Every structure is written in C-alpha cells, then in structure tokens.
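Student: Next comes final.cif, mmCIF, C-alpha atoms:
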```cif
data_model
loop_
_atom_site.label_atom_id
_atom_site.label_comp_id
_atom_site.auth_asym_id
_atom_site.auth_seq_id
_atom_site.Cartn_x
_atom_site.Cartn_y
_atom_site.Cartn_z
CA MET Z 1 -23.35 13.36 -3.40
CA GLY Z 2 -21.73 14.91 -6.39
CA LYS Z 3 -23.89 18.01 -5.89
CA SER Z 4 -23.22 21.51 -4.63
CA ALA Z 5 -21.51 22.47 -1.38
CA VAL Z 6 -23.34 21.80 1.88
CA THR Z 7 -22.59 22.15 5.53
CA LEU Z 8 -21.97 18.63 6.80
CA LYS Z 9 -23.77 17.73 9.99
CA ILE Z 10 -21.37 15.28 11.53
CA GLY Z 11 -21.87 12.68 14.24
CA ILE Z 12 -18.66 11.12 15.52
CA LEU Z 13 -18.36 7.64 17.01
CA GLY Z 14 -15.14 6.91 18.88
CA SER Z 15 -13.66 4.63 21.51
CA GLY Z 16 -10.32 6.22 22.32
CA SER Z 17 -8.37 9.43 22.55
CA GLY Z 18 -10.31 11.35 19.95
CA SER Z 19 -7.26 12.70 18.14
CA ASN Z 20 -9.02 12.38 14.78
CA MET Z 21 -12.04 14.16 16.23
CA VAL Z 22 -9.76 16.99 17.29
CA SER Z 23 -8.24 17.24 13.80
CA ILE Z 24 -11.76 17.59 12.35
CA VAL Z 25 -12.90 20.11 14.94
CA ASP Z 26 -9.71 22.11 14.39
CA ALA Z 27 -10.33 22.20 10.62
CA ILE Z 28 -13.86 23.47 11.25
CA GLU Z 29 -12.71 26.09 13.76
CA ARG Z 30 -10.02 27.34 11.36
CA GLY Z 31 -12.61 27.72 8.61
CA LYS Z 32 -11.06 24.94 6.50
CA LEU Z 33 -14.01 22.58 6.63
CA ASN Z 34 -17.63 23.52 6.07
CA ALA Z 35 -19.13 21.29 8.76
CA GLU Z 36 -20.52 21.12 12.27
CA VAL Z 37 -19.90 18.31 14.74
CA LYS Z 38 -23.41 17.85 16.15
CA VAL Z 39 -22.74 15.01 18.58
CA VAL Z 40 -20.00 12.63 19.76
CA LEU Z 41 -20.87 9.12 20.92
CA SER Z 42 -18.57 6.64 22.62
CA ASP Z 43 -18.97 3.03 23.66
CA VAL Z 44 -16.25 3.54 26.30
CA ARG Z 45 -17.53 5.41 29.36
CA ASP Z 46 -14.27 7.10 30.30
CA ALA Z 47 -12.89 7.55 26.76
CA LYS Z 48 -10.84 10.69 26.33
CA ILE Z 49 -12.87 11.52 23.22
CA LEU Z 50 -15.87 12.36 25.45
CA GLU Z 51 -13.74 14.63 27.64
CA ARG Z 52 -12.34 16.39 24.58
CA ALA Z 53 -15.82 16.80 23.07
CA GLN Z 54 -16.90 18.52 26.28
CA GLN Z 55 -13.89 20.83 26.10
CA HIS Z 56 -15.11 21.89 22.66
CA ARG Z 57 -18.72 22.17 23.97
CA ILE Z 58 -19.92 19.44 21.64
CA PRO Z 59 -22.85 17.35 22.94
CA CYS Z 60 -21.62 13.87 23.78
CA GLN Z 61 -22.89 10.63 25.25
CA TRP Z 62 -21.74 7.25 26.37
CA ILE Z 63 -23.59 4.40 24.64
CA ASP Z 64 -23.76 1.33 26.86
CA CYS Z 65 -23.05 -1.64 24.58
CA ALA Z 66 -22.80 -4.27 27.33
CA PRO Z 67 -22.58 -7.22 27.31
CA TYR Z 68 -20.98 -7.15 23.84
CA ARG Z 69 -17.33 -6.22 23.46
CA THR Z 70 -16.81 -5.84 19.71
CA LYS Z 71 -20.22 -5.31 18.17
CA LEU Z 72 -22.93 -2.76 18.37
CA ASP Z 73 -25.91 -4.93 19.30
CA ASP Z 74 -29.37 -4.14 17.95
CA GLN Z 75 -30.50 -2.12 20.95
CA ALA Z 76 -27.31 -0.05 21.17
CA GLU Z 77 -27.38 0.41 17.40
CA GLN Z 78 -30.99 1.65 17.54
CA ARG Z 79 -30.07 4.08 20.30
CA CYS Z 80 -27.17 5.40 18.20
CA VAL Z 81 -29.42 5.92 15.18
CA GLN Z 82 -32.03 7.68 17.32
CA ILE Z 83 -29.49 10.05 18.82
CA LEU Z 84 -27.81 10.76 15.47
CA ASN Z 85 -31.23 11.50 13.96
CA ALA Z 86 -32.22 13.68 16.90
CA TYR Z 87 -29.14 15.81 16.22
CA GLU Z 88 -29.99 15.84 12.47
CA VAL Z 89 -26.67 14.22 11.62
CA ASP Z 90 -26.18 13.51 7.91
CA THR Z 91 -22.61 12.17 8.02
CA VAL Z 92 -21.29 9.62 10.48
CA VAL Z 93 -17.55 9.75 11.12
CA LEU Z 94 -15.84 6.81 12.80
CA ALA Z 95 -12.85 8.01 14.77
CA GLY Z 96 -11.18 5.05 16.39
CA PHE Z 97 -14.51 3.33 16.95
CA MET Z 98 -13.65 -0.24 17.89
CA ARG Z 99 -16.95 -1.96 17.12
CA ILE Z 100 -18.24 -3.52 13.94
CA ILE Z 101 -20.89 -1.45 12.22
CA LYS Z 102 -23.94 -3.54 11.36
CA PRO Z 103 -26.62 -3.18 8.65
CA GLY Z 104 -29.04 -1.18 10.82
CA LEU Z 105 -26.66 1.76 11.11
CA LEU Z 106 -25.41 1.35 7.53
CA GLN Z 107 -28.96 1.50 6.19
CA ALA Z 108 -29.81 4.55 8.29
CA PHE Z 109 -26.89 6.46 6.69
CA PRO Z 110 -26.38 5.00 3.22
CA GLU Z 111 -23.02 6.03 1.76
CA ARG Z 112 -22.65 8.52 4.61
CA ILE Z 113 -20.53 6.60 7.11
CA ILE Z 114 -16.81 7.25 6.84
CA ASN Z 115 -13.88 5.56 8.53
CA ILE Z 116 -10.13 5.99 8.69
CA HIS Z 117 -7.84 2.98 8.77
CA PRO Z 118 -4.13 3.07 9.69
CA ALA Z 119 -2.88 1.17 6.62
CA LEU Z 120 -2.81 1.37 2.86
CA LEU Z 121 -5.87 -0.78 2.22
CA PRO Z 122 -6.45 -3.42 0.93
CA ALA Z 123 -3.19 -4.26 2.74
CA PHE Z 124 -3.51 -4.89 6.48
CA PRO Z 125 -7.22 -4.69 7.26
CA GLY Z 126 -8.35 -5.36 10.82
CA ILE Z 127 -6.91 -4.33 14.14
CA GLN Z 128 -3.56 -2.69 14.87
CA ALA Z 129 -2.70 -2.39 11.21
CA TRP Z 130 0.54 -0.53 11.95
CA LYS Z 131 1.78 -3.56 13.87
CA GLN Z 132 0.79 -5.85 11.01
CA ALA Z 133 2.74 -3.66 8.56
CA LEU Z 134 5.86 -3.53 10.74
CA ASP Z 135 5.75 -7.28 11.44
CA TYR Z 136 5.28 -8.05 7.73
CA GLY Z 137 8.38 -6.07 6.86
CA ALA Z 138 6.61 -3.53 4.64
CA LYS Z 139 8.65 -0.43 3.80
CA LEU Z 140 5.67 1.88 3.31
CA ALA Z 141 2.71 2.27 5.62
CA GLY Z 142 -0.04 4.87 5.64
CA CYS Z 143 -3.70 5.57 6.17
CA THR Z 144 -6.91 5.21 4.19
CA VAL Z 145 -10.14 7.20 4.49
CA HIS Z 146 -13.04 5.20 3.10
CA PHE Z 147 -16.78 4.85 3.04
CA VAL Z 148 -17.95 2.03 5.29
CA ASP Z 149 -19.66 -0.98 3.76
CA GLN Z 150 -20.63 -4.38 5.16
CA GLY Z 151 -17.08 -5.71 5.08
CA THR Z 152 -14.18 -5.02 7.41
CA ASP Z 153 -12.19 -2.14 5.92
CA THR Z 154 -13.38 -2.95 2.39
CA GLY Z 155 -15.42 0.13 1.49
CA PRO Z 156 -14.78 2.61 -1.36
CA ILE Z 157 -11.55 4.55 -0.80
CA ILE Z 158 -11.56 8.36 -0.69
CA ILE Z 159 -7.95 9.23 0.19
CA GLN Z 160 -4.72 7.36 0.97
CA ARG Z 161 -1.54 8.86 2.34
CA SER Z 162 1.73 6.96 2.75
CA VAL Z 163 4.56 7.18 5.27
CA PRO Z 164 7.92 5.44 5.22
CA ILE Z 165 8.70 2.65 7.66
CA LEU Z 166 12.13 3.49 9.04
CA PRO Z 167 14.89 1.07 10.16
CA ASP Z 168 14.56 1.95 13.85
CA ASP Z 169 10.76 2.07 13.97
CA THR Z 170 8.85 0.61 16.87
CA TYR Z 171 5.09 0.07 16.86
CA GLU Z 172 4.76 3.37 18.69
CA THR Z 173 6.92 5.52 16.41
CA LEU Z 174 5.29 4.11 13.29
CA HIS Z 175 1.78 4.59 14.68
CA ALA Z 176 2.59 8.19 15.58
CA ARG Z 177 3.89 8.88 12.06
CA ILE Z 178 0.71 7.41 10.55
CA GLN Z 179 -1.46 9.51 12.86
CA VAL Z 180 0.16 12.69 11.55
CA GLU Z 181 -1.11 11.74 8.09
CA GLU Z 182 -4.52 10.71 9.45
CA HIS Z 183 -4.99 14.19 10.85
CA ILE Z 184 -4.40 15.62 7.38
CA ALA Z 185 -6.36 13.00 5.45
CA TYR Z 186 -9.58 12.95 7.46
CA PRO Z 187 -10.40 16.69 7.29
CA GLU Z 188 -9.40 16.65 3.60
CA ALA Z 189 -11.78 13.78 2.82
CA LEU Z 190 -14.61 15.54 4.64
CA ARG Z 191 -13.81 18.76 2.80
CA LEU Z 192 -14.26 16.91 -0.51
CA LEU Z 193 -17.54 15.45 0.76
CA ALA Z 194 -18.78 18.86 1.94
CA ALA Z 195 -17.86 20.37 -1.44
CA GLY Z 196 -19.97 17.74 -3.22
CA ARG Z 197 -16.88 16.41 -4.97
CA LEU Z 198 -17.23 12.70 -4.13
CA ARG Z 199 -19.25 10.31 -6.26
CA ILE Z 200 -19.31 6.55 -5.73
CA ASN Z 201 -19.33 4.61 -9.01
CA ASP Z 202 -19.52 0.89 -8.51
CA ARG Z 203 -17.04 0.61 -5.64
CA LYS Z 204 -14.74 3.42 -6.75
CA VAL Z 205 -14.81 6.95 -5.43
CA GLU Z 206 -14.60 9.50 -8.21
CA ILE Z 207 -13.16 12.82 -7.07
CA LEU Z 208 -14.82 15.52 -9.13
CA LYS Z 209 -12.94 18.61 -10.24
CA GLU Z 210 -13.57 21.80 -8.34
CA SER Z 211 -16.43 23.64 -10.00
CA ARG Z 212 -15.33 27.23 -10.46
CA GLY Z 213 -18.79 28.76 -10.70
CA ALA Z 214 -19.99 27.22 -7.43
CA PRO Z 215 -21.60 29.61 -4.97
CA MET T 1 24.94 -10.37 3.05
CA GLY T 2 25.44 -7.69 5.62
CA LYS T 3 29.16 -7.76 4.81
CA SER T 4 31.47 -5.46 2.92
CA ALA T 5 30.92 -4.08 -0.57
CA VAL T 6 31.17 -6.47 -3.53
CA THR T 7 30.69 -6.26 -7.26
CA LEU T 8 27.40 -7.99 -7.95
CA LYS T 9 27.46 -10.48 -10.78
CA ILE T 10 23.93 -10.23 -12.07
CA GLY T 11 21.92 -12.58 -14.26
CA ILE T 12 18.66 -11.11 -15.53
CA LEU T 13 15.55 -13.11 -16.42
CA GLY T 14 12.90 -11.27 -18.41
CA SER T 15 9.98 -11.84 -20.74
CA GLY T 16 9.21 -8.37 -22.07
CA SER T 17 10.59 -5.00 -23.02
CA GLY T 18 13.50 -5.02 -20.61
CA SER T 19 12.94 -1.50 -19.31
CA ASN T 20 14.01 -2.55 -15.81
CA MET T 21 17.12 -4.19 -17.28
CA VAL T 22 17.94 -0.90 -18.99
CA SER T 23 17.54 1.03 -15.73
CA ILE T 24 20.01 -1.34 -14.06
CA VAL T 25 22.50 -1.23 -16.94
CA ASP T 26 22.25 2.57 -17.00
CA ALA T 27 23.01 2.74 -13.29
CA ILE T 28 26.08 0.53 -13.81
CA GLU T 29 27.27 2.55 -16.81
CA ARG T 30 26.87 5.83 -14.90
CA GLY T 31 28.95 4.42 -12.04
CA LYS T 32 26.00 4.42 -9.64
CA LEU T 33 25.86 0.68 -9.10
CA ASN T 34 28.81 -1.60 -8.41
CA ALA T 35 27.69 -4.53 -10.57
CA GLU T 36 28.06 -6.32 -13.87
CA VAL T 37 25.23 -7.86 -15.87
CA LYS T 38 26.80 -11.17 -16.87
CA VAL T 39 23.92 -12.66 -18.86
CA VAL T 40 20.30 -12.02 -19.83
CA LEU T 41 17.88 -14.92 -20.31
CA SER T 42 14.40 -14.79 -21.74
CA ASP T 43 11.65 -17.35 -22.14
CA VAL T 44 10.23 -15.33 -25.05
CA ARG T 45 12.20 -15.78 -28.26
CA ASP T 46 11.54 -12.34 -29.72
CA ALA T 47 11.39 -10.40 -26.44
CA LYS T 48 12.75 -6.89 -26.71
CA ILE T 49 14.88 -7.52 -23.62
CA LEU T 50 17.14 -9.81 -25.73
CA GLU T 51 17.50 -7.18 -28.42
CA ARG T 52 18.35 -4.54 -25.85
CA ALA T 53 20.87 -6.84 -24.15
CA GLN T 54 22.62 -7.26 -27.51
CA GLN T 55 22.71 -3.48 -27.97
CA HIS T 56 24.57 -3.27 -24.65
CA ARG T 57 26.79 -6.23 -25.69
CA ILE T 58 25.53 -8.36 -22.84
CA PRO T 59 25.48 -12.13 -23.49
CA CYS T 60 21.89 -13.27 -23.86
CA GLN T 61 19.93 -16.40 -24.65
CA TRP T 62 16.45 -17.61 -25.28
CA ILE T 63 15.39 -20.43 -22.94
CA ASP T 64 12.84 -22.70 -24.57
CA CYS T 65 10.25 -23.46 -21.89
CA ALA T 66 7.73 -25.22 -24.16
CA PRO T 67 5.25 -26.72 -23.68
CA TYR T 68 4.65 -24.82 -20.41
CA ARG T 69 3.27 -21.30 -20.49
CA THR T 70 3.59 -20.05 -16.92
CA LYS T 71 6.15 -22.22 -15.22
CA LEU T 72 9.80 -22.98 -15.62
CA ASP T 73 9.76 -26.78 -15.92
CA ASP T 74 12.55 -28.87 -14.44
CA GLN T 75 14.59 -29.10 -17.63
CA ALA T 76 14.34 -25.42 -18.48
CA GLU T 77 15.08 -24.58 -14.85
CA GLN T 78 18.19 -26.77 -14.86
CA ARG T 79 19.35 -25.11 -18.06
CA CYS T 80 18.88 -21.68 -16.48
CA VAL T 81 20.88 -22.68 -13.42
CA GLN T 82 23.67 -24.12 -15.60
CA ILE T 83 23.93 -20.95 -17.69
CA LEU T 84 23.79 -18.66 -14.66
CA ASN T 85 26.54 -20.73 -13.00
CA ALA T 86 28.62 -20.75 -16.19
CA TYR T 87 28.56 -16.94 -16.13
CA GLU T 88 29.41 -16.98 -12.40
CA VAL T 89 26.22 -15.12 -11.55
CA ASP T 90 25.69 -14.50 -7.82
CA THR T 91 22.51 -12.44 -8.01
CA VAL T 92 19.45 -13.24 -10.10
CA VAL T 93 17.28 -10.28 -11.07
CA LEU T 94 13.76 -10.88 -12.36
CA ALA T 95 12.79 -8.12 -14.75
CA GLY T 96 9.29 -8.74 -15.98
CA PHE T 97 9.83 -12.50 -15.97
CA MET T 98 6.38 -14.01 -16.35
CA ARG T 99 7.03 -17.50 -15.05
CA ILE T 100 6.80 -18.90 -11.55
CA ILE T 101 10.19 -19.56 -9.97
CA LYS T 102 10.39 -23.06 -8.53
CA PRO T 103 12.49 -24.55 -5.70
CA GLY T 104 15.34 -25.70 -7.96
CA LEU T 105 16.27 -22.16 -8.95
CA LEU T 106 15.52 -20.79 -5.48
CA GLN T 107 17.85 -23.33 -3.87
CA ALA T 108 20.61 -22.60 -6.39
CA PHE T 109 20.57 -18.92 -5.38
CA PRO T 110 19.39 -18.78 -1.77
CA GLU T 111 18.34 -15.23 -0.79
CA ARG T 112 19.89 -14.00 -4.05
CA ILE T 113 16.86 -13.81 -6.35
CA ILE T 114 15.22 -10.41 -6.51
CA ASN T 115 11.98 -9.32 -8.13
CA ILE T 116 10.08 -6.09 -8.67
CA HIS T 117 6.30 -6.03 -8.44
CA PRO T 118 4.11 -3.15 -9.67
CA ALA T 119 2.09 -2.73 -6.45
CA LEU T 120 2.54 -1.94 -2.78
CA LEU T 121 2.67 -5.51 -1.54
CA PRO T 122 1.03 -7.29 0.20
CA ALA T 123 -1.72 -5.46 -1.70
CA PHE T 124 -2.37 -6.72 -5.24
CA PRO T 125 -0.06 -9.69 -5.71
CA GLY T 126 -0.25 -11.57 -9.01
CA ILE T 127 -0.56 -10.38 -12.57
CA GLN T 128 -1.28 -6.88 -13.85
CA ALA T 129 -1.25 -5.41 -10.38
CA TRP T 130 -1.75 -1.87 -11.68
CA LYS T 131 -5.09 -2.96 -13.17
CA GLN T 132 -6.07 -4.58 -9.90
CA ALA T 133 -5.28 -1.36 -8.02
CA LEU T 134 -7.21 0.86 -10.44
CA ASP T 135 -10.20 -1.51 -10.49
CA TYR T 136 -10.22 -1.72 -6.69
CA GLY T 137 -10.40 2.05 -6.44
CA ALA T 138 -7.14 2.47 -4.51
CA LYS T 139 -5.80 6.03 -4.39
CA LEU T 140 -2.14 5.05 -4.04
CA ALA T 141 -0.25 2.54 -6.12
CA GLY T 142 3.46 1.83 -6.36
CA CYS T 143 6.13 -0.79 -6.67
CA THR T 144 7.93 -3.23 -4.39
CA VAL T 145 11.42 -4.70 -4.76
CA HIS T 146 11.65 -7.95 -2.80
CA PHE T 147 13.61 -11.14 -2.37
CA VAL T 148 11.84 -14.06 -4.01
CA ASP T 149 10.56 -16.92 -1.86
CA GLN T 150 8.29 -19.88 -2.58
CA GLY T 151 5.12 -17.78 -2.57
CA THR T 152 3.77 -15.45 -5.22
CA ASP T 153 5.03 -11.95 -4.41
CA THR T 154 5.39 -12.79 -0.72
CA GLY T 155 9.14 -12.50 -0.17
CA PRO T 156 11.00 -10.10 2.15
CA ILE T 157 10.59 -6.49 1.01
CA ILE T 158 13.63 -4.33 0.27
CA ILE T 159 12.10 -1.09 -1.04
CA GLN T 160 8.64 0.28 -1.77
CA ARG T 161 7.81 3.47 -3.64
CA SER T 162 4.32 4.92 -4.01
CA VAL T 163 2.61 6.90 -6.76
CA PRO T 164 -0.79 8.59 -6.70
CA ILE T 165 -3.68 7.20 -8.69
CA LEU T 166 -5.16 10.20 -10.48
CA PRO T 167 -8.82 10.83 -11.41
CA ASP T 168 -8.25 10.46 -15.17
CA ASP T 169 -5.90 7.47 -14.97
CA THR T 170 -6.18 4.61 -17.42
CA TYR T 171 -4.39 1.29 -17.00
CA GLU T 172 -1.69 2.63 -19.31
CA THR T 173 -1.07 5.98 -17.61
CA LEU T 174 -0.97 4.38 -14.17
CA HIS T 175 1.38 1.62 -15.34
CA ALA T 176 3.71 4.20 -16.89
CA ARG T 177 3.78 6.21 -13.64
CA ILE T 178 4.63 3.08 -11.65
CA GLN T 179 7.41 2.18 -14.09
CA VAL T 180 9.10 5.53 -13.48
CA GLU T 181 9.39 4.53 -9.81
CA GLU T 182 10.48 0.98 -10.68
CA HIS T 183 13.41 2.37 -12.60
CA ILE T 184 14.51 4.26 -9.48
CA ALA T 185 13.75 1.50 -6.99
CA TYR T 186 15.44 -1.44 -8.69
CA PRO T 187 18.94 0.08 -9.07
CA GLU T 188 18.63 1.48 -5.53
CA ALA T 189 17.80 -1.96 -4.08
CA LEU T 190 20.75 -3.52 -5.92
CA ARG T 191 23.00 -0.72 -4.73
CA LEU T 192 22.07 -1.60 -1.13
CA LEU T 193 22.74 -5.27 -1.86
CA ALA T 194 26.11 -4.51 -3.47
CA ALA T 195 27.05 -2.35 -0.50
CA GLY T 196 26.36 -5.25 1.88
CA ARG T 197 23.61 -3.24 3.55
CA LEU T 198 20.78 -5.79 3.38
CA ARG T 199 20.22 -8.43 6.05
CA ILE T 200 17.21 -10.73 6.18
CA ASN T 201 15.94 -11.32 9.72
CA ASP T 202 13.04 -13.69 9.83
CA ARG T 203 11.09 -12.35 6.88
CA LYS T 204 12.07 -8.71 7.30
CA VAL T 205 14.84 -6.94 5.43
CA GLU T 206 16.98 -4.86 7.71
CA ILE T 207 18.69 -1.98 5.90
CA LEU T 208 22.02 -1.41 7.62
CA LYS T 209 23.47 2.05 8.03
CA GLU T 210 26.24 3.05 5.68
CA SER T 211 29.56 2.08 7.24
CA ARG T 212 31.84 5.10 7.00
CA GLY T 213 35.14 3.27 7.22
CA ALA T 214 34.36 0.85 4.37
CA PRO T 215 37.00 0.51 1.69
#
```
Can the structure from this file be put into structure tokens for me?
Tutor:
Amino acid sequence: MGKSAVTLKIGILGSGSGSNMVSIVDAIERGKLNAEVKVVLSDVRDAKILERAQQHRIPCQWIDCAPYRTKLDDQAEQRCVQILNAYEVDTVVLAGFMRIIKPGLLQAFPERIINIHPALLPAFPGIQAWKQALDYGAKLAGCTVHFVDQGTDTGPIIIQRSVPILPDDTYETLHARIQVEEHIAYPEALRLLAAGRLRINDRKVEILKESRGAP
Amino acid sequence: MGKSAVTLKIGILGSGSGSNMVSIVDAIERGKLNAEVKVVLSDVRDAKILERAQQHRIPCQWIDCAPYRTKLDDQAEQRCVQILNAYEVDTVVLAGFMRIIKPGLLQAFPERIINIHPALLPAFPGIQAWKQALDYGAKLAGCTVHFVDQGTDTGPIIIQRSVPILPDDTYETLHARIQVEEHIAYPEALRLLAAGRLRINDRKVEILKESRGAP
C-alpha cells in the first residue's frame, strides 16, 4: 500500500442482502472505483447477495460451513482461500459476513481484508451495533470501515461517518439511516485503497494526499 | 424535568480555563439561555475559571480539596453542597472539573448534575479523551453532554456532536476543534433543560418536542 494506483481485484464475503456489495458494484459500474469484483462467496445458501451477484454476472458460490454457525472452520476457510486465490483476488471485502475471520484467512491476505461496521468504533463492537447504540441512549451513531485484524471490530480505521439518532427512531429506522452512510463510506474507502492512498502505521491508517503527477 | 420552562440556577465546578463557563455565560448574556450562573467553584486556587468568573461579576470560590488530588473528599464535598445550596443552585454544571463526583453531591442534586466529555461516549471515557481518540486512529471525534451518574462518563446522554480527525492533526489541533463543538453543545443542552424538554427514561434522555403553547 501507499504506492501508485492499481485495479483492485475484490472478493466479497457476505451472509445477507448484499446491499454493500451493490454499492461497490455500482461505484465500479459508474467509473467511480477502479476495481473489479472477481467473486462473491456466501456462507448462507439462499442469501440474497448470491442472487444479486448473479444479476450482475459476478461469479459466486455458497461455502458450506456446517456444522459451525459463527466461525469459518479450517476446511471452509481453506476452501475460501483457494477460491479467492483462483480468482486472483487481492482485496477481501466483508459485506455483512456473519462469521469470525480466523488467522488462516488473515494470513493469506495480510492487511487486505476490509470490513464495515454499523457503529462509530470503538463504541459498540459486536452484533447489531445499531441496537446497542439506541439502547445505550447515544445521540450519534454511524459506520466504520476498517482493516480486519485478529480482534472483533478492532482493526485500523479507514473511514467513519456519523448519523444522528432521532427522538422517534426505531431499530429499523436507525439501521436504515446508517446503511445510507455505509453505501457512501465503503466505495470511498476502496477508492482510497485503489489509489494507493492508505498506509497503516502502527494501528493507525494514514490517508495520503492525492499525488497530482500520478498516471 | 419534562415540565414548563424555568430559569436555571446554575452552579459551575471547574478546574481549568473556564472556556465552557464562558460559552454558557455568553449564551445567557445574549438572551439565548434562560439561566443565571449563581456561583463558580474551583478546586484549583489559581484556575483561570475563577478569574474569568470575577470578570463577569459571578461569585466564585476556591474549594480546598487537599490532600486529595483526584477526588472530592467528604469534607470538601459537604462544603460544595453547602455553598451551592446557599446560592440556591438547582443545576450543577461541570466545566473541566477534574475530580470524581461522589454520591454525596450526586444525591444532593439528583439528575441535576451535567458534564461535558471530549469524546463520543461510550468511546474514550476518562482523561484526555482527544489523545485517546487520536492514538487509537479514530477518524471521528467529538463531544458528549450527559447527566452525571456514579460511573465515569457513563451517565445518560443529552447531546453529541462530532468532528473529523484530520491527517495532520496533533493533540492540540484536535482538542481545539472539539472545544468549538463543546461551546455549541453545552449551552444547547442547558437550553433544552431550561425549556423542560429533557426527560430521563431508564438511562436514555428523551428530548421532548417544543410545546407551542408554552408561556
């Protein structure tokens, strides 16, 4: 990282609707993000993200993770790495992927696995962060795009965007407002990565200035 | 709370420059906040907040808290409560007060002690929160106005305002940017309190809609 612009070769892992995948694919199709989505993998057989990948003619596969419910066991992890390598993926994007990423995958893509979390980390790590924020009585919520490390939602932060929590908010209305920001933040973070403008120092992400003379 | 508009009778406790006190006094003097600052107390004999209180002709006193450095011991606490009561204070505002508030003061002003913290709580409680945020590598910082409870920076949140953390930020530049928002947030929170628009439910602060027919 920190070098000249490249075309990202992205592999997406997701468990749900794939709305973040769509925001990334849209940015690519509109010429706003210099990247290709090479493959989409899901641990949920009938996840909408697989259907949407097909609609965009992106190769996609279900990864059987049984019998585990929240982790990617060694065999499933190895299969993921093999497929991502077969598609020459250089950047792994987690888009609502509900399993814990273990060292095997982390080591296969060092500093190249990115996640988005629906809270202003380090506040509200873990599941259903928008519910945690509303229940806590916070007045600002938001989203965080970060590199993935061994911890849960602890990796170096690339971008954060905030949204207000409003008096009449329900879990659903707040989550929807956060998702609007996610769909801005994720393509933007990948754009910075593609432009070679991210450098990890210690655990902080330095955002380099745009180089004017770049090709 | 949650009733009709009142004139707040504020007692301010501070240890430092008193910039938040000035923002509150300014709001009162400009007719933006229906309140009076009845007395300013400081645990630091030569704190600038005392000097500034005198400039605004607000009664002020040094409270000797020796030999303790970070807590308000029972005697000093009792003296605070006596002085605040003597000035008929109904709302205690902590403005950079660097001591832990103990049950005696809390019980004397139930749900009427307010603090401002230079971070988006529950992220970065404790001291020098702007340093914590910069060192963590967060990309958003901010401030939180909250009711004080027994915990450290855990009380019900009234207002939060965010600021970006910029690539060239130092501790000083980030702190200064947060303070700009503090000086907006604190008078605004007190304005809501004075207007009877804050209600604590469980640990959440409900902000009531402006009642149109209010006197």
Student: Report as a ChimeraX atom specification the residues that result from applying the PyMOL selection byres ((chain Z) within 7 of (chain T)) to the structure here.
Tutor: /Z:122-123,136-140,156-157,159-160,167,203-207
Student: Would you mind listing what lies within 10 Å of stretch 40-45 of chain T as a ChimeraX atom specification, with only C-alpha atoms counted and same-chain residues fewer than 2 positions away left out?
Tutor: /T:10-16,18,21,37-38,47-50,52-54,58-66,69-70,72,76,80,83-84,92-99
Student: Taking the file as shown, what set of residues would the PyMOL selection byres ((chain Z and resi 172-182) around 7) give back, as a ChimeraX atom specification?
Tutor: /Z:118,130,142-143,161,163,165,169-171,183-186
Student: What does the distance from atom CA of Z:Ile114 to atom CA of Z:Val148 come to in Å, to one decimal?
Tutor: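 Distance between the two atoms: 5.6 Å.
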Student: Within 10 Å of stretch 103-109 of chain Z, counting only C-alpha atoms, which residues show up once you throw out same-chain ones fewer than 4 positions away? Write them as a JSON list (two decimals) with C-alpha atoms, in the coordinates of the input, please.
Tutor:
```json
[["chain", "number", "residue", "atom", "x", "y", "z"],
["Z", 72, "LEU", "CA", -22.93, -2.76, 18.37],
["Z", 73, "ASP", "CA", -25.91, -4.93, 19.30],
["Z", 74, "ASP", "CA", -29.37, -4.14, 17.95],
["Z", 77, "GLU", "CA", -27.38, 0.41, 17.40],
["Z", 78, "GLN", "CA", -30.99, 1.65, 17.54],
["Z", 80, "CYS", "CA", -27.17, 5.40, 18.20],
["Z", 81, "VAL", "CA", -29.42, 5.92, 15.18],
["Z", 82, "GLN", "CA", -32.03, 7.68, 17.32],
["Z", 84, "LEU", "CA", -27.81, 10.76, 15.47],
["Z", 85, "ASN", "CA", -31.23, 11.50, 13.96],
["Z", 89, "VAL", "CA", -26.67, 14.22, 11.62],
["Z", 90, "ASP", "CA", -26.18, 13.51, 7.91],
["Z", 91, "THR", "CA", -22.61, 12.17, 8.02],
["Z", 92, "VAL", "CA", -21.29, 9.62, 10.48],
["Z", 113, "ILE", "CA", -20.53, 6.60, 7.11],
["Z", 148, "VAL", "CA", -17.95, 2.03, 5.29],
["Z", 149, "ASP", "CA", -19.66, -0.98, 3.76],
["Z", 150, "GLN", "CA", -20.63, -4.38, 5.16]]
```
Student: Work out how far atom CA of T:Lys9 is from atom CA of T:Glu36, in Å to one decimal.
Tutor: 5.2 Å
Student: Mind giving me the straight-line distance from atom CA of Z:Leu190 to atom CA of Z:Ser211 in Å, one decimal?
Tutor: 16.8 Å
Student: If you count all atoms listed in the file, which residues fall within 8 Å of T:Arg191, apart from same-chain ones fewer than 2 positions away, as an MDAnalysis selection string?
Tutor: chainID T and resid 32:34 187:189 193:195
